[in-house]
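Working notes, beginning with the structure itself.
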Amino acid sequence: MTPIVEVRALHKRFGELEVLKGIDLVVNEGEVVSIIGSSGSGKTTLLRCLNLLEEFHQGEVRIGGESIGYRQRNGQRVRASEREIAGQRAMTGMVFQAFNLFPHMSALDNVTLGLTRVRGMSRRQAVELADHWLERVGMRERRDHRPAQLSGGQQQRVAIARAIAMNPRVMLFDEATSALDPERVGEVLETIRSLAQEGMTMVLVTHEMRFARDVSDKVVFMDGGRIAEQGPPATLFSTPESARLQAFLKTSSL
Amino acid sequence: MSYHFNFAPILAQWPLLLSGIGLGLLLALVSIAIGSLLGLVVAFATRAPSRWLAGLAFAWISTLRNLPILVIVLFLFFGMPQLGLSLDKINSFILALSLYTSAYMAEVFRAGLLSVPPGLIEAGQAIGLTRSRIQRDIVLPIMFRNALPAFGNNFVSLFKDTSLAATIAVPELTYYARKINSETFRVIEVWLVASLLYIVCCYAITLILRALEKRLVLEAN
């Protein structure tokens, strides 16, 4: 098993407040890992450290074996250059809670932007690949629509295509269905599930307990900036060890 | 009241009035172009990491916005030669209106920049775009679209300000209207015609910009 994501002794502070207090986590190739926990437990912050949308103060994050975000210079820990960080971010794909599609571009151009600007593809290659992924998420016939002309579920599916077309080593989902109308949640979860079944490596921050149980190889429960418990969903959901997880599962509908 | 309108002496001067409004439009276009570029730089400077630079940008905006345009026009035209920097009256007016415009456009663009949701910048970062790419492909296009309605309002207002160029004898519409006024004494007629020309021009500008807005401004999500 090849590790794709390796997090070691990760610490992160917002000012005085320490929100990640030493996280260790490994995600292997093809694994689907769900991070659960109450709000404020640090799960979204952890996810955002994996693509450097958050800085961190101690510890290390490796993606595909490469240590990201920081380098040692004369024994000092310094932030990598803007260009290096941009390159390292492209190794991961992220899907946001609020979709964050570029509103001035068609669905197609949302997908091709990174392909031409970051991957250096020609417009033709990029359109071909974007069409492939838009088809895959069921959005090809709406490729010329602007985000405002699409429903939330449709926007999120385009956002998934935008991220995955970049061929990332791992996909990060940050509460990807939390902003959706209830009747739109299913279509997005279905899309994520089918990508998982194809062997895409994924880390999901989610409130959808049933979904986490069904698709994950591993579930991580975070509490107060630490990983309180982790394991296969069958064990974690049926025989939670810690009192905190027991209490958390009681309040979330499964 | 038995006033007898007589437009004939004014209409005889059509070419002058037309060239006047033409020059006014040209002054506005050039000044707005220069002022908008300058305003864009100032708007970005207000968000610079350097406090010194950001402070300078805010000082620029508040100084120019708290000066009447007429004072800037007179100051530059009469004051600059004393400092050994003479510009002819047209260039001097363009400089004055450009500086004045830059402060208003800086505010327009600054509001436009603030209207770009941070999540979109993060989405750009997440696909590996560099900072300058994000500015060019995401921030600027969205900022311009969001700024367009305010830009249009300022455009009309700045065009009307070109009438102040008459005070330093720049031959635009107000200048010629005054000249025809003193030559023909058809006071009411000449100012009615001048007013009508300003209204028609401003309305045309508004219509053009509104059509542009309709095409470009992003519908709410």
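Going by the structure tokens order, chains are called A, B, ..., each with residues numbered from 1, while ligands are numbered from 1 in the order shown.
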> Any idea what's packed within 8 Å of B:Glu107, counting only C-alpha atoms, ignoring anything in its chain fewer than 6 positions away? Could you give it as a list of chain:residue names?
Replying inline: B:Gly39, B:Ala43, B:Ile61
Chain B near chain A within 9 Å: what's each residue's closest atom pair and its distance in Å to one decimal, counting only C-alpha atoms, ordered by chain then ascending residue number, as CSV?
```
residue,atom,partner,partner_atom,distance
B:Pro117,CA,A:Asn100,CA,8.6
B:Gly119,CA,A:Asn100,CA,5.8
B:Leu120,CA,A:Asn100,CA,5.3
B:Ile121,CA,A:Asn100,CA,8.7
B:Glu122,CA,A:Leu53,CA,7.1
B:Ala123,CA,A:Asn100,CA,6.1
B:Gly124,CA,A:Gly114,CA,8.2
B:Gln125,CA,A:Ala86,CA,6.7
B:Ala126,CA,A:Arg89,CA,5.7
B:Ile127,CA,A:Ala90,CA,5.2
B:Gly128,CA,A:Ala90,CA,4.4
B:Leu129,CA,A:Ala86,CA,6.0
B:Thr130,CA,A:Ala86,CA,5.7
B:Arg131,CA,A:Glu82,CA,7.6
B:Arg133,CA,A:Arg117,CA,8.1
B:Asp137,CA,A:Leu113,CA,8.6
B:Ile138,CA,A:Phe102,CA,7.2
B:Pro141,CA,A:His104,CA,7.4
B:Ile142,CA,A:His104,CA,6.7
B:Arg145,CA,A:His104,CA,8.7
B:Leu216,CA,A:His104,CA,8.5
B:Val217,CA,A:His104,CA,8.8
B:Leu218,CA,A:His104,CA,6.7
B:Glu219,CA,A:Ala148,CA,6.7
B:Ala220,CA,A:Ala148,CA,6.8
B:Asn221,CA,A:Ala148,CA,4.7
```
> Quick one: of B:Leu95, B:Ala103, B:Ile90, B:Ala33, who's nearest to B:Ser62, counting only C-alpha atoms?
Replying inline: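 Looking at the shortest contact to B:Ser62, the residue is B:Ala103.
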>> Can you pull out the residues contacting A:Leu249? Cut-off 12 Å, using only C-alpha atoms, and skip same-chain residues under 2 positions away; I want them as a list of chain:residue names.
In response: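 Non-adjacent residues within range: A:Ile36, A:Gly37, A:Ser38, A:His207, A:Glu208, A:Met209, A:Arg210, A:Arg213, A:Phe221, A:Leu236, A:Phe237, A:Ser238, A:Thr239, A:Pro240, A:Glu241, A:Ser242, A:Ala243, A:Arg244, A:Leu245, A:Gln246, A:Ala247, A:Thr251, A:Ser252, A:Ser253, A:Leu254.
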>> Can you tell me which residues surround A:Lys21 at a distance of at most 12 Å, considering only C-alpha atoms, apart from same-chain residues fewer than 3 positions away, and format the answer as a ChimeraX atom specification?
In response: /A:8-14,17-18,24,41-43,45-46,56-59,222-228
